[in-house]
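Structure file data.txt with compact mmCIF, N, CA and C atoms:
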# COMPACT_ATOMS: atom_id res chain seq x y z
N MET A 86 0.84 -1.17 0.00
CA MET A 86 0.00 0.00 0.00
C MET A 86 0.89 1.24 0.00
N THR A 87 0.70 2.09 -0.93
CA THR A 87 1.48 3.31 -1.05
C THR A 87 0.66 4.50 -0.61
N ARG A 88 1.41 5.49 -0.16
CA ARG A 88 0.76 6.70 0.34
C ARG A 88 0.84 7.79 -0.72
N HIS A 89 -0.23 8.46 -0.98
CA HIS A 89 -0.25 9.52 -1.98
C HIS A 89 -0.47 10.86 -1.27
N ARG A 90 0.29 11.83 -1.69
CA ARG A 90 0.11 13.18 -1.13
C ARG A 90 -1.02 13.87 -1.86
N ALA A 91 -1.76 14.64 -1.09
CA ALA A 91 -2.92 15.30 -1.68
C ALA A 91 -2.51 16.36 -2.69
N SER A 92 -1.42 17.10 -2.38
CA SER A 92 -1.03 18.18 -3.28
C SER A 92 -0.25 17.66 -4.48
N GLY A 93 0.36 16.49 -4.32
CA GLY A 93 1.12 15.92 -5.42
C GLY A 93 2.50 16.54 -5.55
N GLY A 94 2.90 17.48 -4.65
CA GLY A 94 4.21 18.13 -4.72
C GLY A 94 5.27 17.36 -3.95
N ASP A 95 6.51 17.78 -4.15
CA ASP A 95 7.63 17.16 -3.43
C ASP A 95 8.09 18.07 -2.30
N GLY A 96 7.22 18.48 -1.42
CA GLY A 96 7.55 19.37 -0.30
C GLY A 96 8.10 18.61 0.90
N PHE A 97 8.42 19.35 1.94
CA PHE A 97 8.94 18.77 3.18
C PHE A 97 7.79 18.51 4.13
N THR A 98 7.95 17.50 4.97
CA THR A 98 6.94 17.23 5.99
C THR A 98 7.20 18.12 7.19
N LEU A 99 6.24 18.21 8.05
CA LEU A 99 6.37 19.01 9.26
C LEU A 99 7.49 18.49 10.14
N ILE A 100 7.63 17.19 10.25
CA ILE A 100 8.68 16.58 11.07
C ILE A 100 10.06 16.95 10.53
N GLU A 101 10.24 16.91 9.24
CA GLU A 101 11.54 17.28 8.65
C GLU A 101 11.88 18.74 8.94
N LEU A 102 10.91 19.61 8.82
CA LEU A 102 11.15 21.02 9.12
C LEU A 102 11.49 21.23 10.59
N LEU A 103 10.81 20.54 11.49
CA LEU A 103 11.10 20.66 12.92
C LEU A 103 12.50 20.16 13.25
N VAL A 104 12.91 19.07 12.63
CA VAL A 104 14.27 18.53 12.87
C VAL A 104 15.32 19.54 12.42
N VAL A 105 15.13 20.16 11.28
CA VAL A 105 16.08 21.16 10.78
C VAL A 105 16.14 22.36 11.73
N ILE A 106 15.01 22.81 12.21
CA ILE A 106 14.97 23.95 13.13
C ILE A 106 15.69 23.62 14.44
N VAL A 107 15.48 22.44 14.97
CA VAL A 107 16.16 22.03 16.21
C VAL A 107 17.66 21.96 16.00
N VAL A 108 18.12 21.40 14.90
CA VAL A 108 19.56 21.31 14.63
C VAL A 108 20.16 22.71 14.50
N LEU A 109 19.49 23.60 13.81
CA LEU A 109 19.99 24.98 13.70
C LEU A 109 20.04 25.68 15.07
N GLY A 110 19.07 25.42 15.92
CA GLY A 110 19.07 25.99 17.27
C GLY A 110 20.25 25.49 18.09
N ILE A 111 20.55 24.21 17.98
CA ILE A 111 21.70 23.65 18.72
C ILE A 111 23.00 24.26 18.22
N LEU A 112 23.16 24.38 16.91
CA LEU A 112 24.36 25.00 16.36
C LEU A 112 24.51 26.45 16.81
N ALA A 113 23.42 27.19 16.84
CA ALA A 113 23.47 28.59 17.28
C ALA A 113 23.89 28.68 18.75
N ALA A 114 23.40 27.79 19.60
CA ALA A 114 23.78 27.79 21.01
C ALA A 114 25.27 27.51 21.18
N VAL A 115 25.80 26.58 20.42
CA VAL A 115 27.23 26.26 20.50
C VAL A 115 28.07 27.47 20.10
N VAL A 116 27.68 28.17 19.06
CA VAL A 116 28.43 29.34 18.60
C VAL A 116 28.39 30.45 19.65
N VAL A 117 27.25 30.71 20.23
CA VAL A 117 27.12 31.77 21.23
C VAL A 117 28.03 31.51 22.43
N PHE A 118 28.06 30.30 22.93
CA PHE A 118 28.89 30.00 24.10
C PHE A 118 30.37 30.03 23.76
N SER A 119 30.75 29.65 22.57
CA SER A 119 32.17 29.69 22.22
C SER A 119 32.65 31.13 22.03
N VAL A 120 31.82 32.02 21.52
CA VAL A 120 32.21 33.41 21.33
C VAL A 120 32.32 34.14 22.66
N SER A 121 31.48 33.83 23.63
CA SER A 121 31.56 34.50 24.93
C SER A 121 32.87 34.19 25.63
N GLY A 122 33.42 33.02 25.45
CA GLY A 122 34.71 32.68 26.04
C GLY A 122 35.85 33.47 25.43
N ILE A 123 35.73 33.79 24.14
CA ILE A 123 36.77 34.56 23.46
C ILE A 123 36.84 35.97 24.02
N THR A 124 35.70 36.61 24.28
CA THR A 124 35.70 37.98 24.81
C THR A 124 36.23 38.02 26.23
N ASP A 125 35.97 36.99 27.04
CA ASP A 125 36.51 36.95 28.40
C ASP A 125 38.03 36.87 28.37
N THR A 126 38.58 36.08 27.47
CA THR A 126 40.02 35.96 27.34
C THR A 126 40.63 37.28 26.89
N GLY A 127 39.98 37.95 25.98
CA GLY A 127 40.46 39.24 25.50
C GLY A 127 40.48 40.29 26.59
N GLN A 128 39.47 40.30 27.45
CA GLN A 128 39.41 41.26 28.56
C GLN A 128 40.56 41.02 29.53
N GLY A 129 40.83 39.76 29.84
CA GLY A 129 41.93 39.44 30.74
C GLY A 129 43.27 39.86 30.17
N SER A 130 43.47 39.66 28.88
CA SER A 130 44.73 40.05 28.23
C SER A 130 44.88 41.57 28.23
N ALA A 131 43.79 42.29 28.00
CA ALA A 131 43.83 43.75 28.00
C ALA A 131 44.18 44.29 29.39
N CYS A 132 43.66 43.66 30.44
CA CYS A 132 43.97 44.08 31.81
C CYS A 132 45.45 43.89 32.11
N LYS A 133 45.99 42.73 31.73
CA LYS A 133 47.41 42.45 31.97
C LYS A 133 48.30 43.44 31.21
N ALA A 134 47.94 43.72 29.96
CA ALA A 134 48.73 44.65 29.15
C ALA A 134 48.67 46.06 29.72
N ASP A 135 47.51 46.48 30.21
CA ASP A 135 47.37 47.81 30.81
C ASP A 135 48.24 47.94 32.05
N ARG A 136 48.20 46.94 32.91
CA ARG A 136 49.02 46.96 34.13
C ARG A 136 50.50 46.99 33.77
N GLN A 137 50.90 46.17 32.80
CA GLN A 137 52.31 46.12 32.41
C GLN A 137 52.78 47.44 31.82
N ALA A 138 51.91 48.15 31.11
CA ALA A 138 52.27 49.46 30.56
C ALA A 138 52.56 50.45 31.68
N VAL A 139 51.76 50.42 32.74
CA VAL A 139 51.99 51.33 33.88
C VAL A 139 53.30 50.95 34.58
N VAL A 140 53.54 49.67 34.80
CA VAL A 140 54.78 49.22 35.46
C VAL A 140 56.00 49.63 34.61
N THR A 141 55.92 49.43 33.31
CA THR A 141 57.03 49.80 32.43
C THR A 141 57.28 51.30 32.46
N ALA A 142 56.23 52.10 32.47
CA ALA A 142 56.39 53.56 32.56
C ALA A 142 57.05 53.96 33.87
N GLU A 143 56.66 53.32 34.97
CA GLU A 143 57.28 53.62 36.28
C GLU A 143 58.77 53.27 36.27
N GLU A 144 59.09 52.10 35.75
CA GLU A 144 60.49 51.67 35.74
C GLU A 144 61.33 52.53 34.78
N ALA A 145 60.76 52.92 33.66
CA ALA A 145 61.47 53.80 32.73
C ALA A 145 61.72 55.16 33.35
N MET A 146 60.75 55.66 34.10
CA MET A 146 60.92 56.96 34.76
C MET A 146 62.01 56.87 35.82
N ARG A 147 62.01 55.78 36.57
CA ARG A 147 63.04 55.61 37.61
C ARG A 147 64.43 55.50 36.98
N ALA A 148 64.53 54.95 35.79
CA ALA A 148 65.82 54.78 35.13
C ALA A 148 66.38 56.10 34.58
N ARG A 149 65.54 57.11 34.48
CA ARG A 149 66.04 58.40 34.00
C ARG A 149 67.08 58.93 34.96
N SER A 150 68.06 59.62 34.44
CA SER A 150 69.16 60.09 35.28
C SER A 150 68.75 61.22 36.22
N ASP A 151 67.70 62.00 35.88
CA ASP A 151 67.34 63.15 36.70
C ASP A 151 66.25 62.86 37.72
N VAL A 152 65.59 61.70 37.63
CA VAL A 152 64.53 61.37 38.58
C VAL A 152 64.81 59.96 39.11
N HIS A 153 65.08 59.85 40.39
CA HIS A 153 65.37 58.53 40.99
C HIS A 153 64.24 58.16 41.94
N GLY A 154 63.07 57.93 41.39
CA GLY A 154 61.91 57.56 42.18
C GLY A 154 60.74 57.25 41.27
N TYR A 155 59.60 57.00 41.88
CA TYR A 155 58.40 56.64 41.13
C TYR A 155 57.39 57.77 41.19
N LEU A 156 56.55 57.88 40.16
CA LEU A 156 55.64 59.01 40.02
C LEU A 156 54.18 58.59 40.03
N PRO A 157 53.28 59.51 40.46
CA PRO A 157 51.85 59.26 40.31
C PRO A 157 51.46 59.19 38.83
N MET A 158 50.31 58.61 38.56
CA MET A 158 49.85 58.41 37.18
C MET A 158 49.82 59.72 36.39
N ALA A 159 49.30 60.78 36.99
CA ALA A 159 49.19 62.07 36.28
C ALA A 159 50.57 62.60 35.88
N ASP A 160 51.57 62.42 36.74
CA ASP A 160 52.91 62.88 36.41
C ASP A 160 53.55 62.02 35.31
N LEU A 161 53.23 60.74 35.27
CA LEU A 161 53.73 59.89 34.18
C LEU A 161 53.20 60.38 32.83
N VAL A 162 51.96 60.85 32.81
CA VAL A 162 51.38 61.40 31.59
C VAL A 162 52.04 62.75 31.27
N THR A 163 52.24 63.59 32.29
CA THR A 163 52.81 64.92 32.11
C THR A 163 54.21 64.86 31.50
N VAL A 164 55.04 63.94 31.98
CA VAL A 164 56.42 63.86 31.48
C VAL A 164 56.53 63.01 30.22
N GLY A 165 55.42 62.43 29.75
CA GLY A 165 55.42 61.71 28.48
C GLY A 165 55.71 60.23 28.55
N MET A 166 55.71 59.64 29.74
CA MET A 166 55.95 58.20 29.86
C MET A 166 54.71 57.38 29.50
N LEU A 167 53.52 57.96 29.65
CA LEU A 167 52.26 57.34 29.24
C LEU A 167 51.51 58.32 28.35
N GLN A 168 50.80 57.78 27.35
CA GLN A 168 50.02 58.65 26.47
C GLN A 168 48.85 59.26 27.22
N ASP A 169 48.16 58.44 28.02
CA ASP A 169 47.08 58.93 28.88
C ASP A 169 46.97 58.02 30.10
N ALA A 170 46.26 58.49 31.11
CA ALA A 170 46.14 57.74 32.36
C ALA A 170 45.32 56.47 32.14
N SER A 171 45.66 55.45 32.89
CA SER A 171 44.96 54.17 32.78
C SER A 171 43.55 54.29 33.36
N ASP A 172 42.58 53.66 32.68
CA ASP A 172 41.22 53.62 33.19
C ASP A 172 41.02 52.44 34.14
N TRP A 173 41.94 51.47 34.13
CA TRP A 173 41.75 50.24 34.89
C TRP A 173 42.67 50.10 36.10
N HIS A 174 43.82 50.80 36.10
CA HIS A 174 44.77 50.67 37.20
C HIS A 174 45.19 52.04 37.72
N ASP A 175 45.65 52.06 38.97
CA ASP A 175 46.15 53.28 39.57
C ASP A 175 47.46 52.96 40.28
N VAL A 176 48.26 53.98 40.49
CA VAL A 176 49.53 53.83 41.20
C VAL A 176 49.33 54.36 42.61
N GLN A 177 49.67 53.55 43.60
CA GLN A 177 49.56 53.97 45.00
C GLN A 177 50.93 53.93 45.65
N PHE A 178 51.12 54.81 46.64
CA PHE A 178 52.41 54.94 47.31
C PHE A 178 52.25 54.87 48.82
N PRO A 179 53.15 54.13 49.50
CA PRO A 179 53.09 54.08 50.96
C PRO A 179 53.77 55.28 51.62
N ASP A 180 54.62 56.01 50.88
CA ASP A 180 55.34 57.14 51.47
C ASP A 180 54.79 58.46 50.92
N PRO A 181 54.98 59.59 51.64
CA PRO A 181 54.41 60.87 51.20
C PRO A 181 55.08 61.44 49.95
N GLY A 182 56.32 61.12 49.68
CA GLY A 182 56.99 61.59 48.48
C GLY A 182 57.80 62.86 48.68
N THR A 183 58.64 63.15 47.69
CA THR A 183 59.52 64.31 47.72
C THR A 183 59.31 65.11 46.44
N PRO A 184 58.99 66.42 46.55
CA PRO A 184 58.82 67.22 45.34
C PRO A 184 60.18 67.52 44.68
N VAL A 185 60.26 67.33 43.37
CA VAL A 185 61.47 67.64 42.59
C VAL A 185 61.03 68.22 41.25
N THR A 186 62.02 68.73 40.50
CA THR A 186 61.76 69.21 39.15
C THR A 186 62.63 68.39 38.20
N THR A 187 62.03 67.86 37.13
CA THR A 187 62.79 67.07 36.17
C THR A 187 63.70 67.97 35.36
N ALA A 188 64.63 67.36 34.62
CA ALA A 188 65.58 68.13 33.82
C ALA A 188 64.88 68.98 32.75
N ASP A 189 63.72 68.50 32.29
CA ASP A 189 63.00 69.29 31.28
C ASP A 189 61.97 70.23 31.91
N GLY A 190 62.06 70.47 33.23
CA GLY A 190 61.26 71.50 33.88
C GLY A 190 59.92 71.10 34.43
N HIS A 191 59.59 69.82 34.48
CA HIS A 191 58.31 69.38 35.02
C HIS A 191 58.42 69.19 36.54
N PRO A 192 57.58 69.91 37.32
CA PRO A 192 57.58 69.66 38.77
C PRO A 192 56.81 68.36 39.06
N VAL A 193 57.45 67.42 39.75
CA VAL A 193 56.83 66.14 40.06
C VAL A 193 57.13 65.77 41.50
N THR A 194 56.40 64.81 42.03
CA THR A 194 56.66 64.27 43.36
C THR A 194 57.11 62.83 43.19
N ILE A 195 58.33 62.53 43.65
CA ILE A 195 58.84 61.18 43.50
C ILE A 195 58.62 60.40 44.79
N HIS A 196 58.54 59.08 44.65
CA HIS A 196 58.30 58.18 45.78
C HIS A 196 59.32 57.04 45.73
N ALA A 197 59.63 56.46 46.89
CA ALA A 197 60.62 55.39 46.97
C ALA A 197 60.06 54.06 46.49
N THR A 198 58.79 53.79 46.73
CA THR A 198 58.17 52.53 46.30
C THR A 198 56.78 52.82 45.74
N TYR A 199 56.23 51.85 45.05
CA TYR A 199 54.89 52.02 44.48
C TYR A 199 54.19 50.67 44.37
N ALA A 200 52.88 50.73 44.13
CA ALA A 200 52.09 49.53 43.85
C ALA A 200 51.07 49.89 42.78
N VAL A 201 50.94 49.06 41.77
CA VAL A 201 49.93 49.25 40.73
C VAL A 201 48.73 48.41 41.12
N VAL A 202 47.59 49.06 41.38
CA VAL A 202 46.40 48.35 41.86
C VAL A 202 45.22 48.60 40.93
N PRO A 203 44.30 47.64 40.82
CA PRO A 203 43.10 47.85 40.01
C PRO A 203 42.21 48.93 40.60
N ILE A 204 41.57 49.70 39.75
CA ILE A 204 40.61 50.71 40.20
C ILE A 204 39.30 49.99 40.53
N THR A 205 38.69 50.35 41.65
CA THR A 205 37.45 49.71 42.08
C THR A 205 36.35 49.90 41.04
N GLY A 206 35.62 48.82 40.76
CA GLY A 206 34.52 48.88 39.81
C GLY A 206 34.93 48.61 38.37
N GLN A 207 36.23 48.43 38.11
CA GLN A 207 36.71 48.14 36.76
C GLN A 207 36.81 46.63 36.57
N PRO A 208 36.84 46.15 35.34
CA PRO A 208 36.79 44.71 35.08
C PRO A 208 38.05 43.93 35.44
N CYS A 209 39.12 44.59 35.79
CA CYS A 209 40.37 43.86 36.10
C CYS A 209 40.40 43.34 37.51
Let me see whether you can do it: turn the structure in this file into structure tokens.
Amino acid sequence: MTRHRASGGDGFTLIELLVVIVVLGILAAVVVFSVSGITDTGQGSACKADRQAVVTAEEAMRARSDVHGYLPMADLVTVGMLQDASDWHDVQFPDPGTPVTTADGHPVTIHATYAVVPITGQPC
């Protein structure tokens, strides 16, 4: 006994269409979860790079012959060691610091030690 379709066309059945929709939904879910992991990794790498840029600027400033200490973030920008202040990290100092003037005339406050810490509320 053979089955005849009323319309006589070669269309898809409802079950076939539902199977295709379910498979596409599963594939979409897999893609969404894999992409979210990529952005998390990128954020972590950006935080590490930002912190390292501040540390490098501090060490480069200390290596200068006219300044033998560490500077606040704003002074690092003023003397040209950083293009702009970090949005994710800040420089903190345990000592009050000593005011000096750099060889190129910038008044700065130098410190003996420093710590680069994440800014509260930022993703790092």
As a tab-separated table (two decimals) with N, CA and C atoms, in the frame of the given file, list the residues of chain A assigned to strand (DSSP E or B) by DSSP on the backbone atoms of this structure.
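Saved file states-v7.tsv follows:
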chain	number	residue	atom	x	y	z
A	155	TYR	N	59.60	57.00	41.88
A	155	TYR	CA	58.40	56.64	41.13
A	155	TYR	C	57.39	57.77	41.19
A	174	HIS	N	43.82	50.80	36.10
A	174	HIS	CA	44.77	50.67	37.20
A	174	HIS	C	45.19	52.04	37.72
A	175	ASP	N	45.65	52.06	38.97
A	175	ASP	CA	46.15	53.28	39.57
A	175	ASP	C	47.46	52.96	40.28
A	176	VAL	N	48.26	53.98	40.49
A	176	VAL	CA	49.53	53.83	41.20
A	176	VAL	C	49.33	54.36	42.61
A	177	GLN	N	49.67	53.55	43.60
A	177	GLN	CA	49.56	53.97	45.00
A	177	GLN	C	50.93	53.93	45.65
A	183	THR	N	58.64	63.15	47.69
A	183	THR	CA	59.52	64.31	47.72
A	183	THR	C	59.31	65.11	46.44
A	184	PRO	N	58.99	66.42	46.55
A	184	PRO	CA	58.82	67.22	45.34
A	184	PRO	C	60.18	67.52	44.68
A	185	VAL	N	60.26	67.33	43.37
A	185	VAL	CA	61.47	67.64	42.59
A	185	VAL	C	61.03	68.22	41.25
A	186	THR	N	62.02	68.73	40.50
A	186	THR	CA	61.76	69.21	39.15
A	186	THR	C	62.63	68.39	38.20
A	192	PRO	N	57.58	69.91	37.32
A	192	PRO	CA	57.58	69.66	38.77
A	192	PRO	C	56.81	68.36	39.06
A	193	VAL	N	57.45	67.42	39.75
A	193	VAL	CA	56.83	66.14	40.06
A	193	VAL	C	57.13	65.77	41.50
A	194	THR	N	56.40	64.81	42.03
A	194	THR	CA	56.66	64.27	43.36
A	194	THR	C	57.11	62.83	43.19
A	195	ILE	N	58.33	62.53	43.65
A	195	ILE	CA	58.84	61.18	43.50
A	195	ILE	C	58.62	60.40	44.79
A	196	HIS	N	58.54	59.08	44.65
A	196	HIS	CA	58.30	58.18	45.78
A	196	HIS	C	59.32	57.04	45.73
A	200	ALA	N	52.88	50.73	44.13
A	200	ALA	CA	52.09	49.53	43.85
A	200	ALA	C	51.07	49.89	42.78
A	201	VAL	N	50.94	49.06	41.77
A	201	VAL	CA	49.93	49.25	40.73
A	201	VAL	C	48.73	48.41	41.12
A	202	VAL	N	47.59	49.06	41.38
A	202	VAL	CA	46.40	48.35	41.86
A	202	VAL	C	45.22	48.60	40.93
A	203	PRO	N	44.30	47.64	40.82
A	203	PRO	CA	43.10	47.85	40.01
A	203	PRO	C	42.21	48.93	40.60
Using only N, CA and C atoms, which residues sit within 7 Å of range 188-204 of chain A once same-chain residues fewer than 3 positions away are excluded, as a PDB file with N, CA and C atoms, in the coordinates of the input?
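File out.pdb, as written:
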ATOM      1  N   VAL A 140      53.540  49.670  34.800  1.00  0.00           N
ATOM      2  CA  VAL A 140      54.780  49.220  35.460  1.00  0.00           C
ATOM      3  C   VAL A 140      56.000  49.630  34.610  1.00  0.00           C
ATOM      4  N   ASP A 151      67.700  62.000  35.880  1.00  0.00           N
ATOM      5  CA  ASP A 151      67.340  63.150  36.700  1.00  0.00           C
ATOM      6  C   ASP A 151      66.250  62.860  37.720  1.00  0.00           C
ATOM      7  N   VAL A 152      65.590  61.700  37.630  1.00  0.00           N
ATOM      8  CA  VAL A 152      64.530  61.370  38.580  1.00  0.00           C
ATOM      9  C   VAL A 152      64.810  59.960  39.110  1.00  0.00           C
ATOM     10  N   HIS A 153      65.080  59.850  40.390  1.00  0.00           N
ATOM     11  CA  HIS A 153      65.370  58.530  40.990  1.00  0.00           C
ATOM     12  C   HIS A 153      64.240  58.160  41.940  1.00  0.00           C
ATOM     13  N   GLY A 154      63.070  57.930  41.390  1.00  0.00           N
ATOM     14  CA  GLY A 154      61.910  57.560  42.180  1.00  0.00           C
ATOM     15  C   GLY A 154      60.740  57.250  41.270  1.00  0.00           C
ATOM     16  N   TYR A 155      59.600  57.000  41.880  1.00  0.00           N
ATOM     17  CA  TYR A 155      58.400  56.640  41.130  1.00  0.00           C
ATOM     18  C   TYR A 155      57.390  57.770  41.190  1.00  0.00           C
ATOM     19  N   LEU A 156      56.550  57.880  40.160  1.00  0.00           N
ATOM     20  CA  LEU A 156      55.640  59.010  40.020  1.00  0.00           C
ATOM     21  C   LEU A 156      54.180  58.590  40.030  1.00  0.00           C
ATOM     22  N   PRO A 157      53.280  59.510  40.460  1.00  0.00           N
ATOM     23  CA  PRO A 157      51.850  59.260  40.310  1.00  0.00           C
ATOM     24  C   PRO A 157      51.460  59.190  38.830  1.00  0.00           C
ATOM     25  N   ASP A 160      51.570  62.420  36.740  1.00  0.00           N
ATOM     26  CA  ASP A 160      52.910  62.880  36.410  1.00  0.00           C
ATOM     27  C   ASP A 160      53.550  62.020  35.310  1.00  0.00           C
ATOM     28  N   VAL A 164      55.040  63.940  31.980  1.00  0.00           N
ATOM     29  CA  VAL A 164      56.420  63.860  31.480  1.00  0.00           C
ATOM     30  C   VAL A 164      56.530  63.010  30.220  1.00  0.00           C
ATOM     31  N   ASP A 172      42.580  53.660  32.680  1.00  0.00           N
ATOM     32  CA  ASP A 172      41.220  53.620  33.190  1.00  0.00           C
ATOM     33  C   ASP A 172      41.020  52.440  34.140  1.00  0.00           C
ATOM     34  N   TRP A 173      41.940  51.470  34.130  1.00  0.00           N
ATOM     35  CA  TRP A 173      41.750  50.240  34.890  1.00  0.00           C
ATOM     36  C   TRP A 173      42.670  50.100  36.100  1.00  0.00           C
ATOM     37  N   HIS A 174      43.820  50.800  36.100  1.00  0.00           N
ATOM     38  CA  HIS A 174      44.770  50.670  37.200  1.00  0.00           C
ATOM     39  C   HIS A 174      45.190  52.040  37.720  1.00  0.00           C
ATOM     40  N   ASP A 175      45.650  52.060  38.970  1.00  0.00           N
ATOM     41  CA  ASP A 175      46.150  53.280  39.570  1.00  0.00           C
ATOM     42  C   ASP A 175      47.460  52.960  40.280  1.00  0.00           C
ATOM     43  N   VAL A 176      48.260  53.980  40.490  1.00  0.00           N
ATOM     44  CA  VAL A 176      49.530  53.830  41.200  1.00  0.00           C
ATOM     45  C   VAL A 176      49.330  54.360  42.610  1.00  0.00           C
ATOM     46  N   GLN A 177      49.670  53.550  43.600  1.00  0.00           N
ATOM     47  CA  GLN A 177      49.560  53.970  45.000  1.00  0.00           C
ATOM     48  C   GLN A 177      50.930  53.930  45.650  1.00  0.00           C
ATOM     49  N   PHE A 178      51.120  54.810  46.640  1.00  0.00           N
ATOM     50  CA  PHE A 178      52.410  54.940  47.310  1.00  0.00           C
ATOM     51  C   PHE A 178      52.250  54.870  48.820  1.00  0.00           C
ATOM     52  N   PRO A 179      53.150  54.130  49.500  1.00  0.00           N
ATOM     53  CA  PRO A 179      53.090  54.080  50.960  1.00  0.00           C
ATOM     54  C   PRO A 179      53.770  55.280  51.620  1.00  0.00           C
ATOM     55  N   ASP A 180      54.620  56.010  50.880  1.00  0.00           N
ATOM     56  CA  ASP A 180      55.340  57.140  51.470  1.00  0.00           C
ATOM     57  C   ASP A 180      54.790  58.460  50.920  1.00  0.00           C
ATOM     58  N   PRO A 181      54.980  59.590  51.640  1.00  0.00           N
ATOM     59  CA  PRO A 181      54.410  60.870  51.200  1.00  0.00           C
ATOM     60  C   PRO A 181      55.080  61.440  49.950  1.00  0.00           C
ATOM     61  N   GLY A 182      56.320  61.120  49.680  1.00  0.00           N
ATOM     62  CA  GLY A 182      56.990  61.590  48.480  1.00  0.00           C
ATOM     63  C   GLY A 182      57.800  62.860  48.680  1.00  0.00           C
ATOM     64  N   THR A 183      58.640  63.150  47.690  1.00  0.00           N
ATOM     65  CA  THR A 183      59.520  64.310  47.720  1.00  0.00           C
ATOM     66  C   THR A 183      59.310  65.110  46.440  1.00  0.00           C
ATOM     67  N   PRO A 184      58.990  66.420  46.550  1.00  0.00           N
ATOM     68  CA  PRO A 184      58.820  67.220  45.340  1.00  0.00           C
ATOM     69  C   PRO A 184      60.180  67.520  44.680  1.00  0.00           C
ATOM     70  N   VAL A 185      60.260  67.330  43.370  1.00  0.00           N
ATOM     71  CA  VAL A 185      61.470  67.640  42.590  1.00  0.00           C
ATOM     72  C   VAL A 185      61.030  68.220  41.250  1.00  0.00           C
ATOM     73  N   GLN A 207      36.230  48.430  38.110  1.00  0.00           N
ATOM     74  CA  GLN A 207      36.710  48.140  36.760  1.00  0.00           C
ATOM     75  C   GLN A 207      36.810  46.630  36.570  1.00  0.00           C
ATOM     76  N   PRO A 208      36.840  46.150  35.340  1.00  0.00           N
ATOM     77  CA  PRO A 208      36.790  44.710  35.080  1.00  0.00           C
ATOM     78  C   PRO A 208      38.050  43.930  35.440  1.00  0.00           C
ATOM     79  N   CYS A 209      39.120  44.590  35.790  1.00  0.00           N
ATOM     80  CA  CYS A 209      40.370  43.860  36.100  1.00  0.00           C
ATOM     81  C   CYS A 209      40.400  43.340  37.510  1.00  0.00           C
TER      82      CYS A 209
END
key: CA of Ala145 in chain A to CA of Leu161 in chain A, distance in Å rounded to a single decimal   =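 So the answer is 10.0 Å.
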inquiry  = Quick check for you: according to DSSP on this backbone, which residues of range 113-200 of chain A are classed as helix (DSSP H, G or I)? Reply as a PyMOL selection string.
reply    = chain A and resi 113-148+158-163
task = Using only C-alpha atoms, pick whichever of A:Met166, A:Val104, A:Ala131, A:Ala114 has the shortest atom-to-atom distance to Ala148 in chain A.
result =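 Using only C-alpha atoms, the shortest distance to Ala148 in chain A belongs to A:Met166.
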message = Quick check, in Å to one decimal: how far apart do atom C of Val162 in chain A and atom N of Ala134 in chain A lie?
response =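 Pair atom C of Val162 in chain A / atom N of Ala134 in chain A returns 19.5 Å.
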query = How many Å lie between atom N of Gly127 in chain A and CA of Ala113 in chain A, rounded to one decimal?
reply =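 Those two atoms sit 20.9 Å apart.
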request  = Identify which of the residues A:Ser130, A:Thr124, A:Ser119, A:Gln168 lies closest to Ala142 in chain A, counting only C-alpha atoms when measuring atom-to-atom distances.
outcome  =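 When distances to Ala142 in chain A are compared using only C-alpha atoms, the smallest one comes from A:Gln168.
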request  = Extract, using all atoms listed in the file, all DNA, RNA and protein residues at most 8 Å from Ala138 in chain A, discarding same-chain residues fewer than 5 positions from it, and format them as a PyMOL selection string.
outcome  = chain A and resi 132-133+143-144+166-167
Padding 3 Å on each side, edges along x, y and z: where is the centre of the box around the listed atoms of range 199-202 of chain A, and how long are its edges in Å to one decimal? Output it as JSON.
{"center_x": 50.7, "center_y": 50.2, "center_z": 42.9, "size_x": 17.0, "size_y": 9.7, "size_z": 10.3}
